[in-house]
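input-v4.txt follows; it contains compact mmCIF, C-alpha atoms and all ligand atoms.
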# COMPACT_ATOMS: atom_id res chain seq x y z
CA MET A 1 -42.82 30.23 -70.42
CA THR A 2 -46.60 29.91 -70.46
CA PRO A 3 -47.57 26.23 -70.67
CA PRO A 4 -49.62 25.40 -73.77
CA SER A 5 -52.87 24.08 -72.29
CA ASN A 6 -54.77 22.97 -69.23
CA THR A 7 -56.60 19.63 -69.37
CA THR A 8 -59.67 19.78 -67.17
CA CYS A 9 -62.16 17.12 -66.10
CA ARG A 10 -65.69 18.45 -65.87
CA LEU A 11 -69.01 16.98 -64.80
CA ALA A 12 -70.79 16.02 -68.05
CA VAL A 13 -73.96 14.54 -66.58
CA ARG A 14 -75.24 13.61 -63.11
CA PRO A 15 -74.86 9.83 -62.78
CA GLU A 16 -77.48 7.35 -61.63
CA GLY A 17 -75.63 4.91 -59.41
CA LEU A 18 -71.92 4.35 -59.96
CA PRO A 19 -70.32 7.09 -62.14
CA THR A 20 -68.96 5.96 -65.51
CA ARG A 21 -66.59 7.51 -68.05
CA GLU A 22 -69.66 9.19 -69.61
CA THR A 23 -70.18 11.08 -66.34
CA TRP A 24 -67.08 13.13 -67.15
CA ASN A 25 -65.88 15.37 -69.93
CA PHE A 26 -62.19 16.06 -70.53
CA SER A 27 -61.36 19.27 -72.38
CA GLU A 28 -58.37 21.46 -73.14
CA HIS A 29 -58.29 25.11 -72.12
CA GLU A 30 -55.82 27.93 -71.93
CA VAL A 31 -53.84 28.01 -68.72
CA PRO A 32 -55.58 30.71 -66.67
CA GLU A 33 -53.85 33.88 -65.46
CA PRO A 34 -53.93 34.58 -61.73
CA GLY A 35 -55.61 37.87 -60.79
CA ASP A 36 -54.89 40.09 -57.79
CA GLY A 37 -54.49 38.02 -54.61
CA GLU A 38 -54.40 34.78 -56.60
CA VAL A 39 -51.83 32.11 -57.36
CA LEU A 40 -51.48 29.74 -60.34
CA VAL A 41 -50.71 26.17 -59.29
CA LYS A 42 -49.31 23.41 -61.49
CA VAL A 43 -51.15 20.47 -59.95
CA SER A 44 -49.07 17.38 -59.20
CA HIS A 45 -51.42 15.26 -57.06
CA ILE A 46 -55.20 15.07 -56.78
CA SER A 47 -56.93 13.54 -53.77
CA LEU A 48 -59.70 11.10 -54.66
CA ASP A 49 -62.32 11.06 -51.94
CA PRO A 50 -65.61 9.21 -51.48
CA ALA A 51 -67.20 12.61 -50.80
CA MET A 52 -66.78 13.41 -54.50
CA ARG A 53 -69.73 11.12 -55.20
CA GLY A 54 -71.86 13.30 -52.94
CA TRP A 55 -70.57 16.50 -54.52
CA ILE A 56 -72.05 15.54 -57.93
CA ARG A 57 -75.46 14.70 -56.48
CA GLU A 58 -78.23 17.30 -56.84
CA GLY A 59 -79.75 18.47 -53.59
CA ARG A 60 -78.92 19.97 -50.24
CA SER A 61 -75.74 18.91 -48.50
CA TYR A 62 -73.01 20.47 -46.39
CA ILE A 63 -71.58 22.02 -49.58
CA PRO A 64 -73.30 23.04 -52.87
CA PRO A 65 -73.17 20.41 -55.63
CA VAL A 66 -70.76 20.68 -58.57
CA GLN A 67 -72.80 21.90 -61.54
CA VAL A 68 -72.82 20.17 -64.91
CA GLY A 69 -70.06 21.75 -67.01
CA GLU A 70 -67.96 22.80 -64.02
CA VAL A 71 -64.47 21.49 -63.31
CA MET A 72 -64.85 18.59 -60.86
CA ARG A 73 -64.14 19.71 -57.31
CA ALA A 74 -61.16 18.03 -55.66
CA ILE A 75 -58.57 18.68 -53.02
CA ALA A 76 -55.22 18.75 -54.80
CA ALA A 77 -51.65 19.90 -54.37
CA GLY A 78 -48.92 21.26 -56.56
CA GLU A 79 -46.27 23.88 -57.19
CA VAL A 80 -46.98 27.59 -57.48
CA VAL A 81 -45.89 28.77 -60.95
CA ALA A 82 -47.18 32.37 -60.71
CA SER A 83 -48.20 34.39 -57.68
CA ASN A 84 -49.95 37.69 -57.03
CA PHE A 85 -50.37 36.86 -53.35
CA PRO A 86 -47.89 38.18 -50.80
CA GLY A 87 -46.44 35.34 -48.73
CA ILE A 88 -46.76 32.67 -51.40
CA ASP A 89 -43.89 32.58 -53.88
CA VAL A 90 -43.23 30.82 -57.14
CA GLY A 91 -41.74 27.43 -56.25
CA ASP A 92 -43.80 27.08 -53.05
CA HIS A 93 -46.05 24.01 -52.75
CA VAL A 94 -49.68 24.40 -51.72
CA SER A 95 -52.83 22.33 -51.30
CA GLY A 96 -56.48 23.30 -51.50
CA LEU A 97 -59.64 22.84 -53.54
CA LEU A 98 -57.84 23.02 -56.88
CA GLY A 99 -60.07 20.64 -58.87
CA VAL A 100 -59.47 17.80 -61.30
CA GLN A 101 -57.25 19.69 -63.72
CA GLU A 102 -53.62 20.30 -64.56
CA TYR A 103 -53.47 24.00 -63.62
CA ALA A 104 -55.61 25.88 -61.13
CA VAL A 105 -55.97 29.50 -60.12
CA ALA A 106 -56.83 29.92 -56.45
CA ASN A 107 -57.15 32.75 -53.96
CA GLY A 108 -54.01 32.81 -51.83
CA HIS A 109 -56.14 32.71 -48.66
CA ALA A 110 -57.82 29.48 -49.83
CA VAL A 111 -54.66 27.37 -50.12
CA GLN A 112 -52.28 26.06 -47.47
CA LYS A 113 -48.53 25.91 -47.87
CA ILE A 114 -47.14 22.38 -47.64
CA ASP A 115 -43.50 21.37 -47.33
CA PRO A 116 -42.37 18.39 -49.47
CA SER A 117 -39.14 18.19 -47.44
CA VAL A 118 -41.19 17.31 -44.33
CA ALA A 119 -43.31 14.62 -46.04
CA PRO A 120 -44.03 13.56 -49.64
CA ILE A 121 -46.87 15.50 -51.26
CA PRO A 122 -49.32 12.51 -51.25
CA THR A 123 -48.94 12.31 -47.46
CA TRP A 124 -50.06 15.95 -47.26
CA LEU A 125 -53.28 14.79 -48.94
CA GLY A 126 -53.61 11.86 -46.52
CA ALA A 127 -52.44 11.65 -42.92
CA LEU A 128 -51.33 15.30 -42.86
CA GLY A 129 -54.36 16.53 -44.77
CA MET A 130 -58.13 16.21 -44.74
CA PRO A 131 -58.32 12.44 -43.97
CA GLY A 132 -55.87 12.90 -41.10
CA MET A 133 -57.93 15.73 -39.63
CA THR A 134 -61.10 13.66 -40.08
CA ALA A 135 -59.63 10.74 -38.15
CA TYR A 136 -58.13 12.96 -35.45
CA PHE A 137 -61.14 15.15 -34.66
CA GLY A 138 -63.80 12.54 -35.37
CA LEU A 139 -62.26 9.97 -33.09
CA LEU A 140 -60.89 12.18 -30.31
CA ASP A 141 -63.41 15.00 -30.19
CA ILE A 142 -66.59 13.03 -30.82
CA GLY A 143 -65.64 9.47 -29.89
CA LYS A 144 -63.67 10.52 -26.80
CA PRO A 145 -62.01 7.11 -26.41
CA LYS A 146 -60.61 6.27 -22.99
CA GLU A 147 -57.71 3.96 -22.21
CA GLY A 148 -58.83 0.33 -22.09
CA GLU A 149 -61.97 0.92 -24.15
CA THR A 150 -62.82 -1.00 -27.31
CA VAL A 151 -62.85 1.00 -30.56
CA VAL A 152 -64.22 -0.48 -33.77
CA VAL A 153 -63.65 1.21 -37.13
CA SER A 154 -65.05 0.25 -40.54
CA GLY A 155 -63.26 1.03 -43.79
CA ALA A 156 -60.29 0.10 -41.64
CA ALA A 157 -57.67 -0.19 -44.39
CA GLY A 158 -58.67 3.07 -46.05
CA ALA A 159 -57.34 6.61 -45.69
CA VAL A 160 -59.41 7.62 -42.66
CA GLY A 161 -59.98 4.19 -41.09
CA ALA A 162 -56.30 3.23 -40.94
CA LEU A 163 -55.54 6.46 -39.10
CA VAL A 164 -58.50 6.14 -36.73
CA GLY A 165 -57.33 2.69 -35.64
CA GLN A 166 -53.75 3.81 -35.10
CA ILE A 167 -54.77 6.90 -33.13
CA ALA A 168 -57.04 4.73 -30.98
CA LYS A 169 -54.09 2.40 -30.26
CA LEU A 170 -52.02 5.44 -29.20
CA GLU A 171 -54.85 6.32 -26.80
CA GLY A 172 -54.51 2.89 -25.21
CA CYS A 173 -57.63 1.31 -26.67
CA ARG A 174 -58.33 -2.17 -27.94
CA VAL A 175 -58.93 -1.73 -31.70
CA VAL A 176 -60.91 -3.90 -34.07
CA GLY A 177 -61.04 -3.05 -37.78
CA ILE A 178 -63.66 -4.06 -40.31
CA ALA A 179 -62.26 -4.36 -43.84
CA GLY A 180 -62.91 -6.14 -47.13
CA GLY A 181 -60.84 -9.26 -47.75
CA PRO A 182 -58.09 -11.25 -46.05
CA GLU A 183 -55.20 -9.07 -47.25
CA LYS A 184 -56.68 -5.84 -45.84
CA SER A 185 -57.51 -7.68 -42.60
CA ARG A 186 -53.92 -8.92 -42.35
CA TYR A 187 -52.61 -5.43 -43.14
CA VAL A 188 -54.47 -3.66 -40.34
CA VAL A 189 -53.45 -6.24 -37.73
CA GLU A 190 -49.89 -7.10 -38.76
CA GLU A 191 -48.73 -3.77 -40.18
CA LEU A 192 -50.87 -1.20 -38.36
CA GLY A 193 -51.06 -2.93 -35.00
CA PHE A 194 -54.83 -3.35 -34.65
CA ASP A 195 -55.81 -6.07 -32.17
CA ALA A 196 -58.16 -7.86 -34.55
CA ALA A 197 -59.94 -7.53 -37.86
CA VAL A 198 -63.25 -8.70 -39.27
CA ASP A 199 -63.32 -9.41 -43.01
CA TYR A 200 -66.83 -8.30 -43.92
CA LYS A 201 -66.61 -9.88 -47.37
CA ASN A 202 -66.01 -13.37 -45.98
CA ASP A 203 -67.05 -13.35 -42.31
CA ASP A 204 -70.27 -12.79 -40.38
CA VAL A 205 -69.65 -9.24 -39.09
CA ALA A 206 -71.96 -9.47 -36.08
CA ALA A 207 -70.37 -12.76 -34.98
CA GLY A 208 -66.86 -11.36 -35.55
CA LEU A 209 -67.64 -8.29 -33.43
CA ARG A 210 -69.07 -10.47 -30.64
CA GLU A 211 -65.89 -12.55 -30.68
CA HIS A 212 -63.44 -9.64 -30.72
CA CYS A 213 -65.41 -7.24 -28.52
CA PRO A 214 -66.50 -9.46 -25.61
CA ASP A 215 -67.30 -6.42 -23.43
CA GLY A 216 -69.08 -4.58 -26.23
CA ILE A 217 -68.07 -1.66 -28.46
CA ASP A 218 -67.37 1.60 -26.63
CA VAL A 219 -66.62 3.66 -29.74
CA TYR A 220 -67.75 2.80 -33.25
CA PHE A 221 -66.29 4.97 -36.02
CA ASP A 222 -68.44 4.36 -39.08
CA ASN A 223 -67.15 4.95 -42.59
CA VAL A 224 -69.47 2.63 -44.46
CA GLY A 225 -73.06 2.61 -43.11
CA GLY A 226 -75.56 -0.03 -44.24
CA GLU A 227 -75.51 -3.53 -42.78
CA ILE A 228 -72.12 -3.04 -41.11
CA LEU A 229 -73.47 -0.09 -39.12
CA ASP A 230 -76.38 -2.25 -38.06
CA ALA A 231 -74.07 -5.06 -36.93
CA ALA A 232 -72.01 -2.59 -34.88
CA LEU A 233 -75.11 -1.06 -33.29
CA ALA A 234 -76.13 -4.54 -32.13
CA GLY A 235 -72.84 -4.87 -30.26
CA LEU A 236 -72.65 -1.55 -28.40
CA ALA A 237 -71.48 -1.29 -24.81
CA ARG A 238 -73.22 0.97 -22.26
CA HIS A 239 -72.58 4.68 -22.95
CA ALA A 240 -71.10 3.89 -26.38
CA ARG A 241 -70.36 6.66 -28.85
CA VAL A 242 -71.11 6.06 -32.54
CA ILE A 243 -69.44 8.46 -34.97
CA ILE A 244 -71.09 8.79 -38.36
CA CYS A 245 -68.17 9.84 -40.54
CA GLY A 246 -69.40 8.37 -43.80
CA ALA A 247 -71.57 5.72 -45.43
CA ILE A 248 -69.74 4.69 -48.58
CA SER A 249 -71.89 1.56 -49.01
CA GLN A 250 -74.81 3.92 -49.73
CA TYR A 251 -73.19 6.58 -51.93
CA ASN A 252 -74.17 5.00 -55.25
CA ALA A 253 -77.58 3.84 -54.08
CA THR A 254 -80.34 4.35 -56.62
CA GLU A 255 -83.04 3.75 -54.01
CA ALA A 256 -83.66 5.37 -50.63
CA VAL A 257 -80.98 4.66 -48.02
CA ALA A 258 -82.26 2.12 -45.49
CA GLY A 259 -82.12 3.33 -41.89
CA PRO A 260 -80.35 1.29 -39.23
CA ALA A 261 -82.79 -1.30 -37.91
CA ASN A 262 -80.87 -1.64 -34.63
CA TYR A 263 -81.09 2.01 -33.59
CA LEU A 264 -82.88 1.17 -30.34
CA SER A 265 -79.53 -0.14 -29.14
CA LEU A 266 -78.72 3.55 -28.61
CA LEU A 267 -81.57 3.81 -26.11
CA VAL A 268 -80.89 0.53 -24.34
CA ASN A 269 -77.19 1.35 -23.96
CA HIS A 270 -77.57 5.08 -23.15
CA ALA A 271 -75.45 5.62 -26.26
CA THR A 272 -75.05 8.50 -28.71
CA MET A 273 -74.72 8.59 -32.48
CA THR A 274 -73.23 11.78 -33.92
CA GLY A 275 -72.66 12.87 -37.50
CA PHE A 276 -69.80 15.21 -38.23
CA VAL A 277 -68.03 16.94 -41.10
CA VAL A 278 -64.33 17.71 -40.82
CA SER A 279 -64.81 21.29 -42.03
CA ASP A 280 -66.48 21.98 -38.65
CA TYR A 281 -62.94 21.90 -37.24
CA GLY A 282 -61.44 24.67 -39.40
CA ALA A 283 -60.56 26.72 -36.32
CA ARG A 284 -58.63 23.82 -34.76
CA LEU A 285 -56.72 22.61 -37.81
CA ALA A 286 -53.36 23.74 -36.40
CA GLU A 287 -53.86 21.47 -33.37
CA GLY A 288 -54.74 18.46 -35.54
CA ALA A 289 -51.92 19.12 -38.01
CA ARG A 290 -49.39 19.43 -35.17
CA ALA A 291 -50.49 16.18 -33.50
CA MET A 292 -50.63 14.17 -36.72
CA GLY A 293 -47.33 15.67 -37.90
CA GLU A 294 -45.59 14.64 -34.67
CA TRP A 295 -47.01 11.11 -34.68
CA VAL A 296 -46.02 10.61 -38.33
CA ALA A 297 -42.52 12.08 -37.79
CA GLU A 298 -41.98 9.86 -34.73
CA GLY A 299 -43.09 6.79 -36.69
CA LYS A 300 -46.02 6.24 -34.31
CA ILE A 301 -48.47 6.45 -37.19
CA LYS A 302 -47.78 4.67 -40.45
CA THR A 303 -48.95 6.33 -43.63
CA ARG A 304 -49.79 4.67 -46.90
CA GLU A 305 -50.85 6.16 -50.19
CA ASP A 306 -52.19 4.35 -53.22
CA ILE A 307 -50.94 6.42 -56.17
CA VAL A 308 -52.32 6.09 -59.69
CA GLN A 309 -50.84 7.93 -62.69
CA GLY A 310 -52.62 10.17 -65.14
CA LEU A 311 -55.49 12.67 -65.16
CA ASP A 312 -57.17 10.65 -67.92
CA THR A 313 -57.57 7.68 -65.56
CA PHE A 314 -59.70 9.78 -63.16
CA PRO A 315 -63.07 8.07 -63.94
CA GLU A 316 -61.81 4.53 -63.32
CA THR A 317 -59.48 5.51 -60.49
CA LEU A 318 -62.26 7.26 -58.56
CA ASN A 319 -64.34 4.09 -58.76
CA LYS A 320 -61.61 2.10 -57.00
CA LEU A 321 -62.94 3.68 -53.79
CA PHE A 322 -66.28 1.95 -54.36
CA SER A 323 -64.87 -1.43 -55.39
CA GLY A 324 -62.37 -1.37 -52.53
CA GLU A 325 -59.35 -1.60 -54.85
CA ASN A 326 -57.46 1.06 -52.89
CA THR A 327 -55.51 0.50 -49.71
CA GLY A 328 -54.66 3.72 -47.89
CA LYS A 329 -55.14 7.18 -49.33
CA LEU A 330 -56.07 7.14 -53.03
CA VAL A 331 -54.16 9.82 -54.97
CA LEU A 332 -53.98 10.65 -58.66
CA GLN A 333 -50.57 11.82 -59.87
CA VAL A 334 -50.65 14.30 -62.77
CA ASN A 335 -48.28 16.49 -64.77
CA GLY A 336 -45.55 13.92 -64.12
CA GLY A 337 -45.92 14.45 -60.37
CA GLY A 338 -43.17 16.10 -58.40
N1 LIG B 1 -67.34 13.38 -42.40
C1 LIG B 1 -66.23 13.83 -42.95
O1 LIG B 1 -65.84 14.99 -42.77
C2 LIG B 1 -65.43 12.92 -43.81
C3 LIG B 1 -64.17 13.28 -44.28
C4 LIG B 1 -63.43 12.35 -45.01
C5 LIG B 1 -63.99 11.11 -45.32
N2 LIG B 1 -65.25 10.83 -44.89
C6 LIG B 1 -65.85 9.53 -45.14
O2 LIG B 1 -65.00 8.54 -44.59
C7 LIG B 1 -65.15 7.34 -45.31
C8 LIG B 1 -63.79 6.82 -45.72
O3 LIG B 1 -63.19 7.75 -46.61
P1 LIG B 1 -61.70 7.51 -47.12
O4 LIG B 1 -61.30 8.72 -47.86
O5 LIG B 1 -60.88 7.06 -45.98
O6 LIG B 1 -61.89 6.34 -48.17
P2 LIG B 1 -61.15 4.94 -48.14
O7 LIG B 1 -61.57 4.24 -46.89
O8 LIG B 1 -59.70 5.15 -48.40
O9 LIG B 1 -61.74 4.21 -49.41
C9 LIG B 1 -63.04 3.73 -49.40
C10 LIG B 1 -63.11 2.29 -48.88
O10 LIG B 1 -64.46 2.02 -48.56
C11 LIG B 1 -64.65 0.63 -48.61
N3 LIG B 1 -65.94 0.33 -49.22
C12 LIG B 1 -66.35 0.63 -50.47
N4 LIG B 1 -67.58 0.18 -50.68
C13 LIG B 1 -67.98 -0.44 -49.53
C14 LIG B 1 -69.16 -1.11 -49.12
N5 LIG B 1 -70.22 -1.24 -49.96
N6 LIG B 1 -69.21 -1.62 -47.87
C15 LIG B 1 -68.16 -1.50 -47.05
N7 LIG B 1 -67.01 -0.88 -47.36
C16 LIG B 1 -66.92 -0.35 -48.59
C17 LIG B 1 -63.50 0.04 -49.43
O11 LIG B 1 -62.70 -0.73 -48.56
P3 LIG B 1 -62.97 -2.32 -48.38
O12 LIG B 1 -62.05 -2.99 -49.35
O13 LIG B 1 -62.63 -2.55 -46.96
O14 LIG B 1 -64.40 -2.55 -48.73
C18 LIG B 1 -62.75 1.25 -49.92
O15 LIG B 1 -61.36 1.01 -50.00
C19 LIG B 1 -66.08 7.65 -46.48
O16 LIG B 1 -67.39 7.28 -46.13
C20 LIG B 1 -65.99 9.15 -46.59
O17 LIG B 1 -67.12 9.73 -47.20
C21 LIG B 1 -65.97 11.70 -44.15
With the file now loaded, output its structure as structure tokens.
Amino acid sequence: MTPPSNTTCRLAVRPEGLPTRETWNFSEHEVPEPGDGEVLVKVSHISLDPAMRGWIREGRSYIPPVQVGEVMRAIAAGEVVASNFPGIDVGDHVSGLLGVQEYAVANGHAVQKIDPSVAPIPTWLGALGMPGMTAYFGLLDIGKPKEGETVVVSGAAGAVGALVGQIAKLEGCRVVGIAGGPEKSRYVVEELGFDAAVDYKNDDVAAGLREHCPDGIDVYFDNVGGEILDAALAGLARHARVIICGAISQYNATEAVAGPANYLSLLVNHATMTGFVVSDYGARLAEGARAMGEWVAEGKIKTREDIVQGLDTFPETLNKLFSGENTGKLVLQVNGGG
């Protein structure tokens, strides 16, 4: 039976600073029909990612901005309820760029099959999905950590950071996380096995890094930018590798982003600083998915998702990323989940 309507969340206006409820427009539409080569997906879970803030900003980026009036772009997952694509059947589960809406039509080539019997759907949006691939390729391919080296990661209790730290431990590194608040600091050390944590909301980050990285930082995986990046640059070891994965502290800035004052540390320490986007690794996704899948299945990597109910909560739930109210991968459950 054709479902009655599709609630969509669209960009209403480009925000200045932190998005608000007025940034978004919820509207009801007919459930679309899939054309040739397309599938119709009943969305059950939507991934909320800091990158979404960048996607609604005008200007050149690694992907064109969402236009005002368009359904908000989002990675999401759900069950196929109609298919005109050979190889994907009704009842299969898929993930892809399905948007912030209850039903999505997508080209069959643009979605990936996921198996809820292997891992719950939210985990496919976290450790087994885009954040997992970001942590895996960013750390291993760009950071190239060696056994015995010191790896520091910011945003340490978040989707990407928690995985980066755990992968670095599996590589035999000493791992120091930077996170906001005592509970997140406890979590990364006691539950995820990091060697130490610096609580940037209560501690002096530079002093904490000096204490916990007495031989300097060999690999710094940066998720937050700003003053924390500067503190890490000041503590680099010789031949350090700095990975610029993200800069969430700057995403809602209404003024120009301040550059890192301590960049000459790169020169002094013969170090590198490299920006990367996970989509660069499209051709190697099978390798990353296999490795992360094995580590998760063997219990060597712990996964955690922070699941919030209801499409209508999207505006406030997205902002949890910027207030630090999420721990682990932030996911919105819709259509009753499944
Ligand atoms: N390059 C890529 O291909 C790629 C792909 C995926 C993600 N990313 C980037 O990776 C980073 C982490 O993404 P995620 O999905 O794993 O998000 P997340 O870490 O799960 O959530 C964001 C976290 O950022 C922290 N945060 C927010 N505002 C901050 C501030 N002003 N200063 C310091 N920390 C702040 C908060 O933790 P606290 O409570 O600790 O403050 C919050 O929980 C983001 O920058 C994202 O854009 C990049």
Using all atoms listed in the file: which of A:Arg10, A:Lys302, A:Lys320, A:Arg60 has the shortest distance to ligand LIG 1 (chain B): A:Lys320
Exercise answer, 6 Å around ligand LIG 1 (chain B) with all atoms listed in the file, as a ChimeraX atom specification: /A:49-51,131,134,155,158-161,179-180,223-224,245-249,276-278,321-329
Test item: residues at most 7 Å from Val111 in chain A, only C-alpha atoms, excluding those fewer than 6 positions along its chain, as a PyMOL selection string: chain A and resi 94-96
Using all atoms listed in the file: which of A:Glu58, A:Asn262, A:Thr20, A:Ser83 has the shortest distance to Thr317 in chain A: A:Thr20
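CA of His45 in chain A sits 19.5 Å away from CA of Glu70 in chain A.
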Point-to-point distance from CA of Glu102 in chain A to CA of Leu285 in chain A, Å rounded to tenths: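 So the answer is 27.0 Å.
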For range 3-20 of chain A, take all atoms listed in the file, fit an axis-aligned box around them, add 5 Å to each of the six sides, then output centre and edge lengths in Å rounded to one decimal, as lines of an AutoDock Vina configuration file.
center_x = -62.5
center_y = 15.3
center_z = -66.6
size_x = 39.9
size_y = 31.9
size_z = 24.4
Fill-in result for range 231-243 of chain A, N, CA and C atoms as an mmCIF file, in the coordinates of the input:
data_model
loop_
_atom_site.group_PDB
_atom_site.id
_atom_site.type_symbol
_atom_site.label_atom_id
_atom_site.label_comp_id
_atom_site.auth_asym_id
_atom_site.auth_seq_id
_atom_site.Cartn_x
_atom_site.Cartn_y
_atom_site.Cartn_z
ATOM 1 N N ALA A 231 -74.757 -4.024 -37.720
ATOM 2 C CA ALA A 231 -74.070 -5.060 -36.930
ATOM 3 C C ALA A 231 -73.342 -4.420 -35.747
ATOM 4 N N ALA A 232 -72.732 -3.265 -35.972
ATOM 5 C CA ALA A 232 -72.010 -2.590 -34.880
ATOM 6 C C ALA A 232 -72.981 -2.089 -33.821
ATOM 7 N N LEU A 233 -74.118 -1.551 -34.261
ATOM 8 C CA LEU A 233 -75.110 -1.060 -33.290
ATOM 9 C C LEU A 233 -75.558 -2.187 -32.364
ATOM 10 N N ALA A 234 -75.681 -3.397 -32.935
ATOM 11 C CA ALA A 234 -76.130 -4.540 -32.130
ATOM 12 C C ALA A 234 -75.119 -4.905 -31.051
ATOM 13 N N GLY A 235 -73.881 -4.463 -31.210
ATOM 14 C CA GLY A 235 -72.840 -4.870 -30.260
ATOM 15 C C GLY A 235 -72.350 -3.763 -29.346
ATOM 16 N N LEU A 236 -73.129 -2.678 -29.197
ATOM 17 C CA LEU A 236 -72.650 -1.550 -28.400
ATOM 18 C C LEU A 236 -72.545 -1.877 -26.915
ATOM 19 N N ALA A 237 -71.582 -1.241 -26.267
ATOM 20 C CA ALA A 237 -71.480 -1.290 -24.810
ATOM 21 C C ALA A 237 -72.300 -0.110 -24.226
ATOM 22 N N ARG A 238 -72.517 -0.131 -22.928
ATOM 23 C CA ARG A 238 -73.220 0.970 -22.260
ATOM 24 C C ARG A 238 -72.446 2.273 -22.454
ATOM 25 N N HIS A 239 -73.166 3.333 -22.738
ATOM 26 C CA HIS A 239 -72.580 4.680 -22.950
ATOM 27 C C HIS A 239 -71.660 4.729 -24.176
ATOM 28 N N ALA A 240 -71.923 3.883 -25.151
ATOM 29 C CA ALA A 240 -71.100 3.890 -26.380
ATOM 30 C C ALA A 240 -71.300 5.183 -27.153
ATOM 31 N N ARG A 241 -70.291 5.511 -27.939
ATOM 32 C CA ARG A 241 -70.360 6.660 -28.850
ATOM 33 C C ARG A 241 -70.193 6.157 -30.278
ATOM 34 N N VAL A 242 -71.179 6.451 -31.132
ATOM 35 C CA VAL A 242 -71.110 6.060 -32.540
ATOM 36 C C VAL A 242 -70.856 7.330 -33.359
ATOM 37 N N ILE A 243 -69.815 7.296 -34.168
ATOM 38 C CA ILE A 243 -69.440 8.460 -34.970
ATOM 39 C C ILE A 243 -69.816 8.176 -36.414
#
